[in-house]
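Raw entry34.txt, compact mmCIF, C-alpha atoms:
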# COMPACT_ATOMS: atom_id res chain seq x y z
CA SER A 1 31.24 6.62 -4.05
CA CYS A 2 28.23 5.35 -2.10
CA ASP A 3 30.41 4.98 0.99
CA CYS A 4 31.60 8.60 0.85
CA HIS A 5 28.11 9.93 0.24
CA GLY A 6 26.69 7.82 3.08
CA THR A 7 29.46 9.00 5.40
CA ARG A 8 28.75 12.67 4.61
CA VAL A 9 25.05 12.18 5.27
CA LEU A 10 25.84 10.46 8.56
CA GLN A 11 28.12 13.31 9.62
CA LYS A 12 25.46 15.93 8.88
CA LEU A 13 22.76 14.01 10.74
CA ILE A 14 25.05 13.49 13.74
CA GLU A 15 25.73 17.24 13.83
CA LEU A 16 21.99 17.92 13.94
CA ILE A 17 21.49 15.34 16.67
CA ASN A 18 24.36 16.59 18.84
CA TYR A 19 24.11 20.34 18.41
CA SER A 20 20.55 21.29 17.52
CA ASN A 21 18.55 22.84 20.34
CA ASN A 22 15.30 21.94 18.61
CA GLY A 23 13.96 18.61 19.87
CA SER A 24 11.70 18.20 16.84
CA ILE A 25 14.67 18.58 14.47
CA GLN A 26 16.70 16.13 16.54
CA ALA A 27 13.86 13.59 16.45
CA LYS A 28 13.57 13.88 12.67
CA ALA A 29 17.35 13.61 12.29
CA LEU A 30 17.27 10.41 14.35
CA THR A 31 14.56 8.96 12.12
CA ALA A 32 16.62 9.85 9.05
CA LEU A 33 19.76 8.40 10.64
CA GLY A 34 17.94 5.14 11.30
CA ALA A 35 16.85 4.97 7.67
CA VAL A 36 20.38 5.66 6.42
CA VAL A 37 21.82 2.98 8.68
CA THR A 38 19.16 0.44 7.70
CA ASN A 39 19.24 1.06 3.95
CA GLY A 40 22.79 2.26 3.45
CA HIS A 41 25.20 0.11 1.47
CA ASN A 42 28.92 -0.24 2.15
CA LEU A 43 28.71 1.83 5.33
CA ASN A 44 31.76 1.49 7.55
CA THR A 45 30.22 -0.06 10.68
CA ASP A 46 33.11 1.21 12.83
CA LYS A 47 31.85 4.74 12.19
CA LEU A 48 28.47 3.82 13.64
CA ILE A 49 29.80 2.72 17.03
CA PRO A 50 30.67 6.25 18.35
CA ILE A 51 27.12 7.34 17.47
CA LEU A 52 25.85 5.08 20.26
CA THR A 53 27.62 7.29 22.82
CA SER A 54 25.88 10.36 21.40
CA LEU A 55 22.56 8.56 21.65
CA GLU A 56 23.35 7.57 25.24
CA ASN A 57 23.90 11.24 26.07
CA ILE A 58 20.49 12.15 24.65
CA THR A 59 18.74 9.65 26.93
CA LYS A 60 20.61 11.07 29.93
CA THR A 61 20.00 14.76 29.22
CA LYS A 62 16.52 14.85 27.68
CA ASN A 63 13.96 14.00 30.32
CA THR A 64 10.96 16.30 30.01
CA ALA A 65 7.51 15.45 28.68
CA ASN A 66 8.38 17.34 25.48
CA ASP A 67 11.34 15.01 24.89
CA GLN A 68 9.38 11.74 24.82
CA LYS A 69 9.23 11.42 21.04
CA LEU A 70 12.92 12.27 20.84
CA ILE A 71 13.73 9.55 23.39
CA GLY A 72 11.60 7.03 21.53
CA ASN A 73 13.33 7.84 18.25
CA THR A 74 16.70 7.58 19.99
CA LEU A 75 16.08 4.01 21.14
CA ASP A 76 14.69 3.09 17.73
CA CYS A 77 17.89 4.45 16.16
CA VAL A 78 20.01 2.43 18.62
CA GLY A 79 18.14 -0.66 17.46
CA ASN A 80 18.81 0.12 13.80
CA ILE A 81 22.52 0.50 14.52
CA LEU A 82 22.67 -2.75 16.51
CA VAL A 83 21.26 -4.78 13.64
CA VAL A 84 24.06 -3.46 11.41
CA ILE A 85 27.05 -3.65 13.78
CA LYS A 86 26.01 -7.02 15.32
CA LYS A 87 26.48 -8.07 18.94
CA GLU A 88 30.28 -8.44 18.80
CA LYS A 89 30.72 -4.68 18.45
CA PHE A 90 28.09 -3.70 21.02
CA ASN A 91 29.97 -2.47 24.09
CA PRO A 92 28.76 -4.48 27.15
CA GLU A 93 28.49 -1.34 29.31
CA LEU A 94 26.38 0.41 26.67
CA GLU A 95 24.26 -2.72 26.29
CA ALA A 96 23.61 -2.81 30.04
CA TYR A 97 22.70 0.89 30.07
CA PHE A 98 20.40 0.84 27.04
CA THR A 99 18.72 -2.38 28.16
CA LYS A 100 17.92 -0.92 31.59
CA PHE A 101 16.69 2.29 29.99
CA ALA A 102 14.56 0.40 27.44
CA PHE A 103 12.90 -1.54 30.28
CA GLU A 104 11.94 1.76 31.88
CA CYS A 105 10.42 2.87 28.57
CA ILE A 106 8.29 -0.24 27.98
CA LYS A 107 7.00 0.01 31.56
CA SER A 108 5.82 3.53 30.76
CA SER A 109 2.30 4.33 29.56
CA VAL A 110 3.66 6.79 26.96
CA TYR A 111 3.33 5.45 23.40
CA ASP A 112 6.50 7.12 22.08
CA LEU A 113 8.58 5.57 24.87
CA GLN A 114 6.96 2.16 24.39
CA LEU A 115 7.71 2.28 20.67
CA GLY A 116 11.37 3.10 21.28
CA GLY A 117 11.79 0.43 23.95
CA LEU A 118 10.14 -2.28 21.87
CA SER A 119 12.21 -1.33 18.82
CA TYR A 120 15.34 -1.71 20.92
CA PHE A 121 14.38 -5.13 22.28
CA SER A 122 13.37 -6.45 18.87
CA ALA A 123 16.82 -5.46 17.54
CA LEU A 124 18.58 -6.90 20.60
CA ALA A 125 16.77 -10.22 20.16
CA GLU A 126 17.66 -10.26 16.48
CA ILE A 127 21.40 -9.93 17.14
CA LYS A 128 21.65 -12.00 20.34
CA LYS A 129 19.49 -14.93 19.16
CA GLU A 130 19.38 -17.64 21.86
CA GLU A 131 21.30 -15.40 24.29
CA PHE A 132 18.21 -13.19 24.43
CA ALA A 133 16.42 -16.02 26.29
CA SER A 134 17.92 -14.77 29.58
CA MET A 135 15.75 -11.64 29.48
CA LEU A 136 12.81 -12.96 27.43
CA ASN A 137 10.51 -13.53 30.42
CA ASP A 138 11.05 -10.01 31.79
CA VAL A 139 10.42 -8.43 28.39
CA MET A 140 7.34 -10.59 27.80
CA ASN A 141 5.84 -9.57 31.16
CA CYS A 142 6.01 -5.91 30.08
CA LEU A 143 4.92 -6.68 26.54
CA ASP A 144 1.84 -8.55 27.75
CA LYS A 145 0.58 -5.44 29.55
CA ILE A 146 1.14 -3.35 26.41
CA ILE A 147 -0.68 -5.87 24.21
CA LYS A 148 -3.67 -6.08 26.55
CA ASP A 149 -3.97 -2.31 26.97
CA ASP A 150 -7.11 -1.00 25.24
CA SER A 151 -6.91 2.64 26.33
CA GLY A 152 -6.27 3.83 22.78
CA ILE A 153 -9.68 2.70 21.52
CA VAL A 154 -12.96 4.51 22.25
CA GLU A 155 -16.53 4.13 21.05
CA LYS A 156 -17.71 6.62 18.48
CA ALA A 157 -21.10 6.66 20.14
CA LYS A 158 -19.64 8.64 23.04
CA GLU A 159 -19.42 12.40 22.90
CA LYS A 160 -15.98 13.79 22.08
CA ASP A 161 -15.77 15.74 25.33
CA GLU A 162 -16.64 12.55 27.24
CA ILE A 163 -13.70 10.65 25.75
CA GLY A 164 -11.33 13.60 26.04
CA LEU A 165 -10.78 14.36 22.35
CA ASP A 166 -9.49 17.89 21.86
CA SER A 167 -8.48 19.37 18.49
CA ASP A 168 -4.88 18.14 18.81
CA SER A 169 -5.61 14.58 19.89
CA GLU A 170 -8.40 14.24 17.34
CA GLU A 171 -5.85 14.79 14.56
CA ASN A 172 -4.07 11.65 15.74
CA MET A 173 -7.22 9.51 15.66
CA GLU A 174 -8.52 7.16 12.99
CA GLY A 175 -11.56 4.93 13.04
CA ASN A 176 -14.27 2.85 11.47
CA ASP A 177 -18.06 3.03 11.75
CA GLU A 178 -18.05 2.23 15.46
CA LEU A 179 -14.68 3.13 16.99
CA TYR A 180 -11.95 5.73 17.22
CA TRP A 181 -8.37 4.64 17.77
CA ASN A 182 -5.16 6.51 18.43
CA GLN A 183 -2.64 6.06 15.61
CA ASP A 184 0.34 5.84 18.00
CA PHE A 185 -1.58 3.24 20.03
CA MET A 186 -2.00 1.12 16.89
CA GLU A 187 1.66 1.57 16.02
CA VAL A 188 2.52 0.17 19.45
CA LYS A 189 0.24 -2.81 18.80
CA SER A 190 1.96 -3.33 15.43
CA ILE A 191 5.49 -3.38 16.84
CA SER A 192 4.32 -5.59 19.74
CA LEU A 193 3.27 -8.27 17.25
CA LYS A 194 6.57 -7.80 15.37
CA CYS A 195 8.41 -8.36 18.65
CA LEU A 196 6.59 -11.65 19.23
CA ALA A 197 7.65 -12.84 15.77
CA ILE A 198 11.30 -11.85 16.31
CA PHE A 199 11.40 -13.38 19.80
CA ALA A 200 9.97 -16.65 18.45
CA LYS A 201 12.62 -16.81 15.73
CA SER A 202 15.49 -15.72 18.01
CA CYS A 203 14.96 -18.20 20.85
CA PRO A 204 12.39 -20.70 19.55
CA ILE A 205 12.86 -23.42 22.18
CA LEU A 206 12.10 -21.26 25.23
CA TYR A 207 9.54 -19.16 23.39
CA LEU A 208 7.43 -22.08 22.18
CA ASN A 209 7.71 -23.99 25.45
CA LYS A 210 6.41 -21.05 27.44
CA TYR A 211 4.49 -18.76 25.08
CA TYR A 212 2.99 -20.96 22.37
CA LYS A 213 -0.57 -20.95 23.76
CA TYR A 214 -0.28 -17.26 24.66
CA THR A 215 0.75 -16.41 21.10
CA LEU A 216 -2.11 -18.42 19.60
CA ASP A 217 -4.54 -16.46 21.77
CA GLN A 218 -3.07 -13.16 20.56
CA LEU A 219 -3.15 -14.32 16.94
CA GLU A 220 -6.82 -15.22 17.22
CA PHE A 221 -7.61 -11.93 18.95
CA PHE A 222 -5.78 -9.71 16.45
CA SER A 223 -7.09 -11.70 13.46
CA ASN A 224 -10.47 -10.19 14.34
CA TYR A 225 -9.25 -6.81 15.56
CA CYS A 226 -10.93 -3.53 14.71
CA ASN A 227 -7.96 -2.36 12.61
CA GLU A 228 -7.22 -4.53 9.57
CA ASN A 229 -3.77 -2.98 9.18
CA LEU A 230 -2.51 -5.26 11.95
CA LEU A 231 -3.18 -8.31 9.78
CA PHE A 232 0.20 -7.71 8.10
CA GLU A 233 1.89 -8.41 11.44
CA VAL A 234 -0.51 -11.29 12.18
CA GLY A 235 0.52 -12.92 8.90
CA ASP A 236 4.20 -12.51 9.78
CA LEU A 237 3.67 -13.91 13.28
CA TYR A 238 1.92 -17.04 11.96
CA GLU A 239 4.89 -17.56 9.62
CA ALA A 240 7.39 -17.03 12.44
CA ILE A 241 5.67 -19.49 14.79
CA LEU A 242 5.43 -22.17 12.10
CA ILE A 243 9.11 -21.88 11.17
CA SER A 244 10.13 -21.72 14.84
CA MET A 245 8.28 -24.99 15.47
CA ASP A 246 10.50 -26.59 12.85
CA GLN A 247 13.72 -25.00 14.14
CA SER A 248 13.05 -26.01 17.74
CA GLU A 249 12.09 -29.56 16.79
CA ASN A 250 8.94 -28.99 18.83
CA GLU A 251 6.78 -32.03 19.44
CA LYS A 252 3.78 -30.17 18.05
CA ASP A 253 2.69 -31.25 14.57
CA VAL A 254 4.00 -28.62 12.14
CA ASN A 255 1.84 -29.83 9.26
CA ASP A 256 -1.29 -29.86 11.40
CA PHE A 257 -0.61 -26.30 12.55
CA TRP A 258 0.03 -25.26 8.93
CA ILE A 259 -3.17 -26.83 7.57
CA ASN A 260 -5.60 -26.10 10.40
CA GLU A 261 -4.33 -22.79 11.78
CA VAL A 262 -1.99 -20.85 9.52
CA LEU A 263 -3.52 -21.56 6.13
CA VAL A 264 -7.08 -21.24 7.47
CA HIS A 265 -6.34 -17.68 8.56
CA TYR A 266 -4.41 -16.83 5.41
CA GLU A 267 -7.38 -18.01 3.34
CA SER A 268 -9.72 -15.90 5.44
CA PHE A 269 -7.58 -12.76 5.07
CA ILE A 270 -7.24 -13.17 1.30
CA ASN A 271 -10.90 -14.06 0.71
CA GLU A 272 -12.32 -11.26 2.85
CA THR A 273 -10.06 -8.22 2.59
CA GLY A 274 -10.38 -5.44 0.06
CA ASP A 275 -6.74 -4.47 0.61
CA GLN A 276 -4.57 -5.55 -2.32
CA GLU A 277 -1.38 -4.80 -0.41
CA LEU A 278 -2.43 -7.20 2.36
CA VAL A 279 -3.19 -9.95 -0.17
CA GLY A 280 0.25 -9.56 -1.72
CA HIS A 281 1.81 -9.63 1.74
CA ILE A 282 0.04 -12.86 2.75
CA PHE A 283 1.11 -14.51 -0.52
CA GLY A 284 4.62 -13.43 0.46
CA ASN A 285 4.21 -15.20 3.81
CA MET A 286 3.17 -18.39 2.04
CA TYR A 287 6.15 -18.08 -0.30
CA ASN A 288 8.53 -17.81 2.68
CA ILE A 289 6.96 -20.86 4.30
CA ILE A 290 7.28 -22.93 1.12
CA GLN A 291 10.88 -21.79 0.69
CA HIS A 292 11.71 -22.88 4.23
CA PHE A 293 9.93 -26.25 4.33
CA GLY A 294 9.99 -27.25 0.68
CA LYS A 295 7.88 -30.24 -0.30
CA ASN A 296 7.58 -31.42 3.31
CA ILE A 297 4.95 -28.82 4.13
CA PHE A 298 2.62 -30.47 1.61
CA ILE A 299 3.16 -34.10 2.66
CA ASP A 300 0.65 -36.02 4.74
CA LYS A 301 3.10 -38.30 6.57
CA LYS A 302 0.38 -40.69 7.71
CA LYS A 303 -0.91 -41.26 4.18
CA ASN A 304 2.43 -40.58 2.44
CA SER A 305 0.67 -38.36 -0.07
CA LEU A 306 0.08 -34.65 -0.70
CA ASN A 307 -2.12 -32.99 1.89
CA THR A 308 -4.91 -30.50 1.13
CA SER A 309 -2.81 -27.35 1.48
CA LEU A 310 -1.43 -27.40 -2.06
CA ASP A 311 -4.93 -27.55 -3.58
CA ARG A 312 -6.00 -24.68 -1.35
CA ILE A 313 -3.06 -22.48 -2.38
CA ILE A 314 -3.77 -23.22 -6.03
CA ASP A 315 -7.43 -22.34 -5.43
CA LEU A 316 -6.42 -18.94 -4.01
CA THR A 317 -4.08 -18.41 -6.95
CA MET A 318 -6.80 -19.21 -9.47
CA LYS A 319 -9.24 -16.83 -7.79
CA LEU A 320 -6.69 -14.06 -8.14
CA LEU A 321 -5.99 -14.88 -11.77
CA LYS A 322 -9.74 -14.82 -12.47
CA SER A 323 -10.14 -11.52 -10.53
CA GLU A 324 -12.70 -13.09 -8.21
CA LEU A 325 -11.45 -11.71 -4.90
CA PRO A 326 -12.88 -8.67 -3.05
CA CYS A 327 -9.55 -6.81 -3.33
CA GLN A 328 -9.90 -6.89 -7.12
CA ILE A 329 -13.32 -5.23 -7.17
CA LYS A 330 -12.45 -1.58 -7.60
CA ASN A 331 -13.81 1.58 -9.09
CA LYS A 332 -13.17 2.58 -12.67
CA ASP A 333 -10.99 5.38 -11.34
CA ALA A 334 -8.36 3.04 -9.89
CA ASP A 335 -5.46 5.06 -8.51
CA ILE A 336 -1.77 4.41 -9.09
CA ASP A 337 -1.35 2.75 -5.67
CA GLU A 338 -4.02 0.17 -6.51
CA MET A 339 -2.32 -0.58 -9.83
CA GLU A 340 1.05 -0.98 -8.12
CA HIS A 341 -0.41 -3.30 -5.49
CA GLU A 342 -2.01 -5.37 -8.24
CA GLU A 343 1.42 -5.75 -9.83
CA ASP A 344 2.76 -6.82 -6.43
CA ILE A 345 0.05 -9.48 -6.18
CA PHE A 346 0.88 -10.98 -9.57
CA SER A 347 4.57 -10.82 -8.75
CA ALA A 348 3.81 -12.79 -5.55
CA ILE A 349 1.84 -15.34 -7.59
CA GLN A 350 4.77 -15.71 -9.97
CA ASN A 351 7.16 -16.23 -7.05
CA ILE A 352 4.95 -18.89 -5.50
CA CYS A 353 4.53 -20.76 -8.79
CA VAL A 354 8.27 -20.78 -9.43
CA CYS A 355 8.90 -21.89 -5.84
CA LEU A 356 6.30 -24.67 -6.06
CA SER A 357 7.81 -25.87 -9.32
CA GLU A 358 11.29 -26.00 -7.77
CA LYS A 359 10.20 -27.71 -4.55
CA LEU A 360 7.59 -30.13 -5.92
CA GLY A 361 9.08 -31.10 -9.28
CA ASP A 362 6.84 -33.54 -11.15
CA ASP A 363 4.10 -33.24 -8.52
CA PHE A 364 3.48 -29.67 -9.68
CA HIS A 365 3.03 -30.41 -13.40
CA ASN A 366 -0.75 -30.87 -13.33
CA TYR A 367 -1.20 -27.72 -11.27
CA PHE A 368 1.06 -25.76 -13.59
CA ASN A 369 -1.07 -26.75 -16.58
CA ILE A 370 -4.18 -25.40 -14.84
CA ILE A 371 -2.49 -22.10 -14.02
CA TYR A 372 -0.92 -21.80 -17.46
CA LEU A 373 -4.31 -22.24 -19.18
CA GLU A 374 -5.72 -19.36 -17.12
CA LEU A 375 -2.69 -17.16 -17.79
CA SER A 376 -2.89 -17.79 -21.54
CA LYS A 377 -6.51 -16.58 -21.82

Rewrite the structure of this file - the entire thing - as structure tokens.
Amino acid sequence: SCDCHGTRVLQKLIELINYSNNGSIQAKALTALGAVVTNGHNLNTDKLIPILTSLENITKTKNTANDQKLIGNTLDCVGNILVVIKKEKFNPELEAYFTKFAFECIKSSVYDLQLGGLSYFSALAEIKKEEFASMLNDVMNCLDKIIKDDSGIVEKAKEKDEIGLDSDSEENMEGNDELYWNQDFMEVKSISLKCLAIFAKSCPILYLNKYYKYTLDQLEFFSNYCNENLLFEVGDLYEAILISMDQSENEKDVNDFWINEVLVHYESFINETGDQELVGHIFGNMYNIIQHFGKNIFIDKKKNSLNTSLDRIIDLTMKLLKSELPCQIKNKDADIDEMEHEEDIFSAIQNICVCLSEKLGDDFHNYFNIIYLELSK
């Protein structure tokens, strides 16, 4: 059965974690364990709880510079387990220990430790919900320093010896025409934005009261960042803030924020990027928003009529159907990944159309006719 197979895999990975003397093998085993826990079906959660003690022992016994990736992977694995076992089964003493240790990691300047600590806190916020509010300010103070750190980006115009790039570090660098950036540095930026989204959804009242303006500043900054890959997280964070505004019954105008902030940026991402995967992802964000708010997100309450956002979403949909967007301009030798992403885009369009039909009813008929005519060509 799936349960037996999953249990055997867990046992083997735990053996590698507990008894291997090779830190690299332990780190990989932890990554695999996290994947098994996250994606496994019918796993007995009671069998996951003793693993936390093994992971605690790793953090107490591995403390050299060579162990930093292992420590980061350990905290990430703790987070994966927490999301599965939920807060009721998280021993309070272990929670206190891991939380203190994770704070030490996110105060570090080491990317691997930051990644592990942030993964832990994102999972803790996800399971504790409003209870996470008690430590939100302390976590946000550390997170702010991580977000504002720019040490992982250097100008290409500088000589490699001037910026300290040796053969090993250069392998971990990517870039564009003007800049180099460290891949681990960008991964830290990515999970930092994911944390903001999870914190906003977990304790929306405190988060929006204290960090709304701060988050808007970060969204604007990362919307124009040197690495377009972060736009996936930017899209998710816009979605999270919008839905949190609704859940917290914030006095801010949800529809105004949707029309003049969220959708403006989504339109910009879709109209400007050449990344098909990003386009599909942003359509997914819009689908989630429509699913949450239903018809209300399209209503101008002052005029008691549909606002402009529905027309704008239909316009984006039509551009995709007519292959007018930059992401659809590709070489003749399109690879399999591009074809798969194109399928994802059209699947996202289908989902949005079905969702709009369900939520809007008769108000969607005219729009459906326009889309159907294009599909039938």

Notebook entry, point to check: What is the atom CA of Phe98 of chain A to atom CA of Gly79 of chain A distance in Å?
Noted result: 10.0 Å

Note to self: For a test of reading the model, state the distance in Å between atom CA of Asn141 of chain A and atom CA of Ala96 of chain A, rounded to one decimal.
What the structure shows: 19.0 Å

Could you give me, as a short mmCIF file (atom, residue, chain, number, x, y, z; two decimals) with C-alpha atoms, in the coordinates of the input, the residues that sit within 12 Å of (24.2, -2.3, 19.0) in the file's coordinates, counting only C-alpha atoms?
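Everything below was put into selection36.cif:
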data_model
loop_
_atom_site.label_atom_id
_atom_site.label_comp_id
_atom_site.auth_asym_id
_atom_site.auth_seq_id
_atom_site.Cartn_x
_atom_site.Cartn_y
_atom_site.Cartn_z
CA VAL A 37 21.82 2.98 8.68
CA THR A 45 30.22 -0.06 10.68
CA ASP A 46 33.11 1.21 12.83
CA LEU A 48 28.47 3.82 13.64
CA ILE A 49 29.80 2.72 17.03
CA PRO A 50 30.67 6.25 18.35
CA ILE A 51 27.12 7.34 17.47
CA LEU A 52 25.85 5.08 20.26
CA THR A 53 27.62 7.29 22.82
CA LEU A 55 22.56 8.56 21.65
CA GLU A 56 23.35 7.57 25.24
CA LEU A 75 16.08 4.01 21.14
CA ASP A 76 14.69 3.09 17.73
CA CYS A 77 17.89 4.45 16.16
CA VAL A 78 20.01 2.43 18.62
CA GLY A 79 18.14 -0.66 17.46
CA ASN A 80 18.81 0.12 13.80
CA ILE A 81 22.52 0.50 14.52
CA LEU A 82 22.67 -2.75 16.51
CA VAL A 83 21.26 -4.78 13.64
CA VAL A 84 24.06 -3.46 11.41
CA ILE A 85 27.05 -3.65 13.78
CA LYS A 86 26.01 -7.02 15.32
CA LYS A 87 26.48 -8.07 18.94
CA GLU A 88 30.28 -8.44 18.80
CA LYS A 89 30.72 -4.68 18.45
CA PHE A 90 28.09 -3.70 21.02
CA ASN A 91 29.97 -2.47 24.09
CA PRO A 92 28.76 -4.48 27.15
CA GLU A 93 28.49 -1.34 29.31
CA LEU A 94 26.38 0.41 26.67
CA GLU A 95 24.26 -2.72 26.29
CA ALA A 96 23.61 -2.81 30.04
CA TYR A 97 22.70 0.89 30.07
CA PHE A 98 20.40 0.84 27.04
CA THR A 99 18.72 -2.38 28.16
CA TYR A 120 15.34 -1.71 20.92
CA PHE A 121 14.38 -5.13 22.28
CA SER A 122 13.37 -6.45 18.87
CA ALA A 123 16.82 -5.46 17.54
CA LEU A 124 18.58 -6.90 20.60
CA ALA A 125 16.77 -10.22 20.16
CA GLU A 126 17.66 -10.26 16.48
CA ILE A 127 21.40 -9.93 17.14
CA LYS A 128 21.65 -12.00 20.34
#

Check: Closest to Glu277 of chain A among A:Ser248, A:Ser223, A:Asn229, A:Ser309, using all atoms listed in the file?
Finding: A:Asn229

Check: Just how far from atom CA of Lys107 of chain A is atom CA of Leu33 of chain A, in Å to one decimal?
Finding: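 Separating atom CA of Leu33 of chain A from atom CA of Lys107 of chain A is a distance of 25.9 Å.
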
Check: Within 9 Å of (-4.9, -1.1, 14.1), all atoms listed in the file: residues as a PyMOL selection string?
Finding: chain A and resi 181-183+185-187+189-190+222+225-231

Contacts of Leu208 of chain A at 12 Å or less, counting all atoms listed in the file, minus same-chain residues fewer than 5 places along, as a compact mmCIF listing (two decimals) with C-alpha atoms, in the frame of the given file?
# COMPACT_ATOMS: atom_id res chain seq x y z
CA ALA A 133 16.42 -16.02 26.29
CA LEU A 136 12.81 -12.96 27.43
CA LEU A 196 6.59 -11.65 19.23
CA ALA A 197 7.65 -12.84 15.77
CA PHE A 199 11.40 -13.38 19.80
CA ALA A 200 9.97 -16.65 18.45
CA LYS A 201 12.62 -16.81 15.73
CA SER A 202 15.49 -15.72 18.01
CA CYS A 203 14.96 -18.20 20.85
CA LYS A 213 -0.57 -20.95 23.76
CA TYR A 214 -0.28 -17.26 24.66
CA THR A 215 0.75 -16.41 21.10
CA LEU A 216 -2.11 -18.42 19.60
CA ALA A 240 7.39 -17.03 12.44
CA ILE A 241 5.67 -19.49 14.79
CA LEU A 242 5.43 -22.17 12.10
CA ILE A 243 9.11 -21.88 11.17
CA SER A 244 10.13 -21.72 14.84
CA MET A 245 8.28 -24.99 15.47
CA ASP A 246 10.50 -26.59 12.85
CA GLN A 247 13.72 -25.00 14.14
CA SER A 248 13.05 -26.01 17.74
CA GLU A 249 12.09 -29.56 16.79
CA ASN A 250 8.94 -28.99 18.83
CA GLU A 251 6.78 -32.03 19.44
CA LYS A 252 3.78 -30.17 18.05

Notebook entry, point to check: Which of these, A:Ile71, A:Glu342, A:Leu373, A:Lys47, has the shortest distance to Gly23 of chain A once you count only C-alpha atoms?
Noted result: A:Ile71

Item checked: Distance query Asn296 of chain A at most 9 Å, all atoms listed in the file, self and fewer than 5 positions along chain excluded, as a PyMOL selection string -> chain A and resi 255+290+301

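Among the candidates A:Leu43, A:Lys28, A:Thr273, A:Gly294, the residue lying nearest to Thr7 of chain A is A:Leu43 (atoms considered: all atoms listed in the file).
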
Margin query: Measuring between all atoms listed in the file, which one of A:Leu237, A:Ala35, A:Ala27, A:Ile17 shows the shortest distance to Asn57 of chain A?
Written below: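 Closest to Asn57 of chain A, using all atoms listed in the file: A:Ile17.
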